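Asks: Below: one structure in structure tokens.
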Amino acid sequence: MASDKATPAAEAAERPRARTPRGFADRRAGELAAERRIVEAVARTYESYGFEALETGAFEYADALGKFLPDADRPNEGVFALRDDDEEWMALRYDLTAPLARFVAQNWETLPKPFRRYAFGKVWRNEKPGPGRYREFVQCDADTVGSGRPEADAEIIAMAVAGYAAAGLPREAYQLKINNRKLLNGLLTAAGVASEGQKLAVLRAVDKLDRLGLQGVKLLLGEGRLDESGAFTRGAQLDHAAVDSVLAFVSAGAGGREATLSRLANVIGGSAEGEAGLAELSRIGAALASFGVGEDQALFDPSVVRGLEYYTGPVFEAELLAETVDEAGAAVRFGSIGGGGRYDDLVARFTGERTPATGFSFGVSRLVAALAATGRADGLAARGPVVVIAFDEARMADYFAVAAELRAAGLSAEVFLGQAGMRAQMRYADRRLSPAAVILGEDEIAAGQVTVKDLDLGRELAAGVTDNKAWREERPGQVTAPRAELVATVRAIVGRAR
RNA sequence: GCCGCCUUAGCUCAGUUGGUUAGAGCGCCAGAUUGUGGCUCUGGAGGUCCUCCGUUCGAUCCGGAGAGGCGGUACCA
């Protein structure tokens with residue numbers, strides 16, 4: 001502390017501004033509880049399918065994440081990176097799949113194969129944040145490494161569906177769409193598109209189908225598209241015949257899985273790769289049926305492509321269907337609440353050996369937001385503890401004894417530790433959404449009693465009360481019992497709270 | 001990254017044609033009510049008017065640059 005007084009303005013200028021970093025969010029008890037419920041439910045589901053838990057560190061060496069980092073101050077965009085003591089670039093993981101590939105490569109010899117694991121945790125992306133789009137969020141992944149069978153893909157899909165159910169998402173609220181990269185690849189090859197860059201541009205164009213519609217995608221497949229802001233996006237430069245066959249392909253969805261498959265067979269142009277993709281989807285479909293996954297939950301949709309380049313075959317995406325609006329009444333699109341696919345080349349980056357792998361990533365943070373928006377986050381506000389009113393400085397020991405007694409009985413309880421009158425303490429308990437307050441004043445102590453107030457009952461009755469004096473004198477939901485019956489009395493009241 | 005709009009109290013927003021004490025509603029704190037949540041009434045606290053530079057006797061207001069937010073677009077291994 002400086003002894004001479006700085007001017008108030010100078011002092012203020014030195015103070016840091018209290019603010020959350022861009023794209024990061026503070027999350028409070030209610031949201032955390034909802035998230036924990038979801039993660040636990042999903043983890044239990046994955047374990048019931050025989051997947052084991054795995055945790056890896058938040059940082060990975062940047063080369064393990066597949067980033068090429070030049071000797072510049074700033075490594076590639078998209079990740080948060082820093083240089084370790086030994087000059088090695090380390091980066092916060094941007095998903096849970098790349099760390100898995102690293103782990104599998106490192107421990108391949110000793111792992112039971114196929115290796116099936118689930119993992120949950122935070123991932124970080126250094127990207128432009130937006131509504132429902134953060135730079136730090138939680139994912140829950142399940143992957144099977146070492147099995148190329150389509151049944152492994154089907155199992156992952158069935159598990160994802162079971163996970164959403166366990167998380168409390170109603171089945172009509174979302175759809176899981178399945179496609180195979182091999183179909184479009186084969187179609188493009190048959191149409192004479194050889195360049196990888198062009199194929200990638202086609203994938204990007206198809207990815208925008210939900211936003212731009214068939215017309216927009218048509219432009220992006222050909223010359224390019226001029227958007228409302230005046231910016232021009234160069235297209236994939238396909239010729240008319242190729243554009244038409246891609247559009248026919250992405251429009252071949254809808255209907256049951258079998259129907260979609262037979263429709264796709266007519267539009268993929270008869271390439272070997274396309275046929276292989278079709279055969280895989282057919283086996284996935286058969287397996288899904290035996291897993292009991294309904295046609296309305298998981299369907300084949302040729303318009304699903306997924307952005308990640310490393311997918312080599314089947315790709316999946318879970319999309320929230322429910323229409324939701326924000327506080328201002330504007331429509332909110334949550335986009336995908338999970339996705340995944342087969343990535344047979346990822347482990348090979350480390351080992352040089354092609355290792356089949358498939359997995360699904362569950363967007364936990366998105367799902368919490370989605371459940372809240374669909375009004376299914378039953379009370380995102382967390383319930384508070386039983387509050388023991390601190391009446392008298394000299395009696396603090398009694399209050400702590402009451403709280404300890406309640407805790408020993410398995411109830412959450414706390415003694416009010418601020419400096420405030422009883423009115424403010426009641427208001428505190430009200431705001432914490434506490435189910436009950438324990439009042440132990442001079443009168444109660446003298447009489448060997450304790451007063452317990454049912455705050456939920458008061459909350460219900462408060463709406464109809466117009467006179468404060470009457471409200472106070474009625475003391476709704478308040479009971480005074482012998483001190484020895486404290487726990488039973490509180491329990492009777494708390495038991496009624498949700 | 002690029003384009004457009006925006007930034008005044010904790011929140012939602014007025015306002016100042018450049019001038020001395022910048023406002024409202026809600027929220028917050030206290031009292032009315034020596035020991036009781038809501039309503040009502042009374043009082044109170046809370047602002048570098050996003051930041052820096054420039055123009056000016058004087059800038060929250062005008063000009064420039066930057067930051068942050070929102071929307072669109074691109075990218076997303």
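Just remember, in the structure tokens the first chain shown is A, the second B, etc., residues are 1-based per chain, and ligands are 1-based in the order shown.
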Residues of chain B near chain A: apply a cut-off of 8 Å, count only C-alpha atoms (C1' of nucleotides), and supply the list as a list in words.

Replies: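 Every residue meeting the condition is included here: C2, C3, G4, U33, G35, U36, G37, G38, C39, U48, G72, U73, A74, C76 and A77 of chain B.
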
Asks: Give me a file of those residues, with C-alpha atoms (C1' of nucleotides), as a JSON list (two decimals), in the first residue's frame.

Replies:
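Full text of part33.json as output:
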[["chain", "number", "residue", "atom", "x", "y", "z"],
["B", 2, "C", "C1'", -13.78, -9.61, -44.35],
["B", 3, "C", "C1'", -18.51, -6.45, -44.40],
["B", 4, "G", "C1'", -22.43, -3.89, -41.63],
["B", 33, "U", "C1'", -41.87, -3.81, 10.83],
["B", 35, "G", "C1'", -37.42, -11.89, 15.99],
["B", 36, "U", "C1'", -39.65, -13.43, 9.76],
["B", 37, "G", "C1'", -39.12, -13.92, 2.55],
["B", 38, "G", "C1'", -43.83, -11.15, -0.96],
["B", 39, "C", "C1'", -46.61, -6.17, -1.71],
["B", 48, "U", "C1'", -13.16, 6.91, -16.11],
["B", 72, "G", "C1'", -23.83, -11.74, -42.01],
["B", 73, "U", "C1'", -19.85, -14.27, -44.52],
["B", 74, "A", "C1'", -15.36, -17.28, -44.66],
["B", 76, "C", "C1'", -12.90, -24.83, -38.25],
["B", 77, "A", "C1'", -7.23, -29.48, -38.61]]

Asks: Find the spatial neighbours of Phe291 in chain A, counting only C-alpha atoms (C1' of nucleotides), within a cut-off of 10 Å - ignore same-chain residues fewer than 5 positions away - and output them as a list of chain:residue names.

Replies: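 In the requested form, the answer reads A:Glu151, A:Ala154, A:Glu155, A:Ile157, A:Ala158, A:Met159, A:Gly285, A:Ala286.
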
Asks: Keeping N, CA, C and O atoms, export the residues of the selection given above as a PDB file, in the first residue's frame.

Replies:
ATOM      1  N   GLU A 151     -20.456 -52.942 -37.898  1.00  0.00           N
ATOM      2  CA  GLU A 151     -21.196 -53.136 -36.654  1.00  0.00           C
ATOM      3  C   GLU A 151     -20.619 -52.274 -35.527  1.00  0.00           C
ATOM      4  O   GLU A 151     -21.331 -51.888 -34.600  1.00  0.00           O
ATOM      5  N   ALA A 154     -22.235 -49.048 -35.977  1.00  0.00           N
ATOM      6  CA  ALA A 154     -23.629 -49.143 -35.544  1.00  0.00           C
ATOM      7  C   ALA A 154     -23.719 -49.111 -34.021  1.00  0.00           C
ATOM      8  O   ALA A 154     -24.608 -48.474 -33.450  1.00  0.00           O
ATOM      9  N   GLU A 155     -22.771 -49.791 -33.372  1.00  0.00           N
ATOM     10  CA  GLU A 155     -22.774 -49.807 -31.912  1.00  0.00           C
ATOM     11  C   GLU A 155     -22.591 -48.396 -31.356  1.00  0.00           C
ATOM     12  O   GLU A 155     -23.264 -47.982 -30.410  1.00  0.00           O
ATOM     13  N   ILE A 157     -23.392 -45.642 -32.804  1.00  0.00           N
ATOM     14  CA  ILE A 157     -24.631 -44.886 -33.047  1.00  0.00           C
ATOM     15  C   ILE A 157     -25.703 -45.276 -32.035  1.00  0.00           C
ATOM     16  O   ILE A 157     -26.365 -44.415 -31.448  1.00  0.00           O
ATOM     17  N   ALA A 158     -25.845 -46.580 -31.806  1.00  0.00           N
ATOM     18  CA  ALA A 158     -26.851 -47.049 -30.851  1.00  0.00           C
ATOM     19  C   ALA A 158     -26.567 -46.489 -29.461  1.00  0.00           C
ATOM     20  O   ALA A 158     -27.472 -46.106 -28.713  1.00  0.00           O
ATOM     21  N   MET A 159     -25.276 -46.410 -29.125  1.00  0.00           N
ATOM     22  CA  MET A 159     -24.864 -45.919 -27.830  1.00  0.00           C
ATOM     23  C   MET A 159     -25.143 -44.420 -27.707  1.00  0.00           C
ATOM     24  O   MET A 159     -25.535 -43.936 -26.656  1.00  0.00           O
ATOM     25  N   GLY A 285     -27.174 -50.410 -41.177  1.00  0.00           N
ATOM     26  CA  GLY A 285     -28.628 -50.406 -41.041  1.00  0.00           C
ATOM     27  C   GLY A 285     -29.144 -51.694 -40.423  1.00  0.00           C
ATOM     28  O   GLY A 285     -29.994 -51.662 -39.525  1.00  0.00           O
ATOM     29  N   ALA A 286     -28.604 -52.806 -40.881  1.00  0.00           N
ATOM     30  CA  ALA A 286     -29.044 -54.099 -40.345  1.00  0.00           C
ATOM     31  C   ALA A 286     -28.713 -54.197 -38.863  1.00  0.00           C
ATOM     32  O   ALA A 286     -29.529 -54.645 -38.038  1.00  0.00           O
TER      33      ALA A 286
END

Asks: Got a sec: who's within 6 Å of Ser434 in chain A, counting only C-alpha atoms (C1' of nucleotides), leaving out chain neighbours fewer than 6 positions off, as a ChimeraX atom specification?

Replies: /A:383-386

Asks: Restricting the output to all heavy atoms, write the selected residues as a CSV table (one decimal), in the first residue's frame.

Replies:
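The resulting file, selection23.csv, is reproduced below:
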chain,number,residue,atom,x,y,z
A,383,ARG,N,-31.1,-25.7,-5.7
A,383,ARG,CA,-31.6,-25.5,-4.4
A,383,ARG,C,-30.5,-25.2,-3.4
A,383,ARG,O,-29.4,-25.8,-3.4
A,383,ARG,CB,-32.4,-26.8,-3.9
A,383,ARG,CG,-33.6,-27.2,-4.7
A,383,ARG,CD,-34.6,-26.1,-4.8
A,383,ARG,NE,-35.1,-25.5,-3.6
A,383,ARG,CZ,-36.3,-25.7,-3.0
A,383,ARG,NH1,-37.2,-26.4,-3.6
A,383,ARG,NH2,-36.6,-25.1,-1.9
A,384,GLY,N,-30.8,-24.3,-2.4
A,384,GLY,CA,-29.9,-24.0,-1.4
A,384,GLY,C,-30.0,-24.9,-0.2
A,384,GLY,O,-30.8,-25.8,-0.2
A,385,PRO,N,-29.1,-24.7,0.8
A,385,PRO,CA,-29.1,-25.6,2.0
A,385,PRO,C,-30.2,-25.1,3.0
A,385,PRO,O,-30.7,-24.0,2.8
A,385,PRO,CB,-27.7,-25.3,2.6
A,385,PRO,CG,-27.4,-23.9,2.2
A,385,PRO,CD,-28.1,-23.7,0.9
A,386,VAL,N,-30.4,-25.8,4.0
A,386,VAL,CA,-31.2,-25.4,5.2
A,386,VAL,C,-30.3,-24.3,5.8
A,386,VAL,O,-29.1,-24.4,6.1
A,386,VAL,CB,-31.4,-26.5,6.2
A,386,VAL,CG1,-32.1,-25.9,7.4
A,386,VAL,CG2,-32.3,-27.6,5.6

Asks: Of the candidates A:Gln297, A:Ser303, A:Gln139, A:Ser365, which shows the shortest atom-to-atom distance to Leu264 in chain A, using only C-alpha atoms?

Replies: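 Among the listed residues, the smallest separation from Leu264 in chain A belongs to A:Ser303.
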
Asks: Fewer than 5 positions away in the same chain doesn't count, so skip those; otherwise give me all residues within 12 Å of G15 in chain B, counting only C-alpha atoms (C1' of nucleotides), as a list of chain:residue names.

Replies: B:U8, B:A22, B:G23, B:A24, B:C49, B:U60, B:C61

Asks: Can I get the selection written as a CSV table (one decimal), in the first residue's frame, with N, CA and C atoms (P, O5', C5', C4', C3', O3' and C1' of nucleotides)?

Replies:
chain,number,residue,atom,x,y,z
B,8,U,P,-23.5,1.0,-23.0
B,8,U,O5',-23.4,2.6,-22.6
B,8,U,C5',-22.2,3.1,-22.0
B,8,U,C4',-22.6,4.2,-21.1
B,8,U,C3',-23.6,3.9,-20.1
B,8,U,O3',-23.0,3.3,-18.9
B,8,U,C1',-24.2,5.9,-21.2
B,22,A,P,-23.3,15.5,-13.3
B,22,A,O5',-24.7,15.0,-13.8
B,22,A,C5',-25.5,15.8,-14.7
B,22,A,C4',-26.3,14.9,-15.6
B,22,A,C3',-27.0,13.7,-14.8
B,22,A,O3',-28.3,14.2,-14.4
B,22,A,C1',-25.9,12.9,-16.7
B,23,G,P,-28.7,14.2,-12.8
B,23,G,O5',-30.1,13.6,-12.8
B,23,G,C5',-30.3,12.2,-12.8
B,23,G,C4',-31.4,11.8,-13.8
B,23,G,C3',-32.1,10.5,-13.5
B,23,G,O3',-33.1,10.6,-12.5
B,23,G,C1',-31.5,10.7,-15.8
B,24,A,P,-33.5,9.4,-11.6
B,24,A,O5',-34.5,8.6,-12.6
B,24,A,C5',-35.7,9.2,-13.1
B,24,A,C4',-36.4,8.3,-14.1
B,24,A,C3',-36.6,6.9,-13.5
B,24,A,O3',-37.8,6.9,-12.7
B,24,A,C1',-35.7,6.7,-15.7
B,49,C,P,-16.9,8.9,-18.1
B,49,C,O5',-18.2,8.0,-18.5
B,49,C,C5',-18.1,6.8,-19.2
B,49,C,C4',-19.3,6.7,-20.1
B,49,C,C3',-19.2,7.0,-21.5
B,49,C,O3',-19.8,6.0,-22.3
B,49,C,C1',-20.9,8.3,-20.6
B,60,U,P,-15.6,14.1,-21.7
B,60,U,O5',-16.7,13.0,-21.8
B,60,U,C5',-16.4,11.8,-22.5
B,60,U,C4',-17.6,11.2,-23.1
B,60,U,C3',-18.1,12.0,-24.4
B,60,U,O3',-17.4,11.5,-25.5
B,60,U,C1',-19.9,11.6,-22.9
B,61,C,P,-17.0,12.5,-26.7
B,61,C,O5',-18.4,12.8,-27.4
B,61,C,C5',-19.2,11.8,-28.0
B,61,C,C4',-20.5,12.4,-28.4
B,61,C,C3',-20.3,13.4,-29.5
B,61,C,O3',-21.4,13.3,-30.4
B,61,C,C1',-21.4,14.4,-27.6
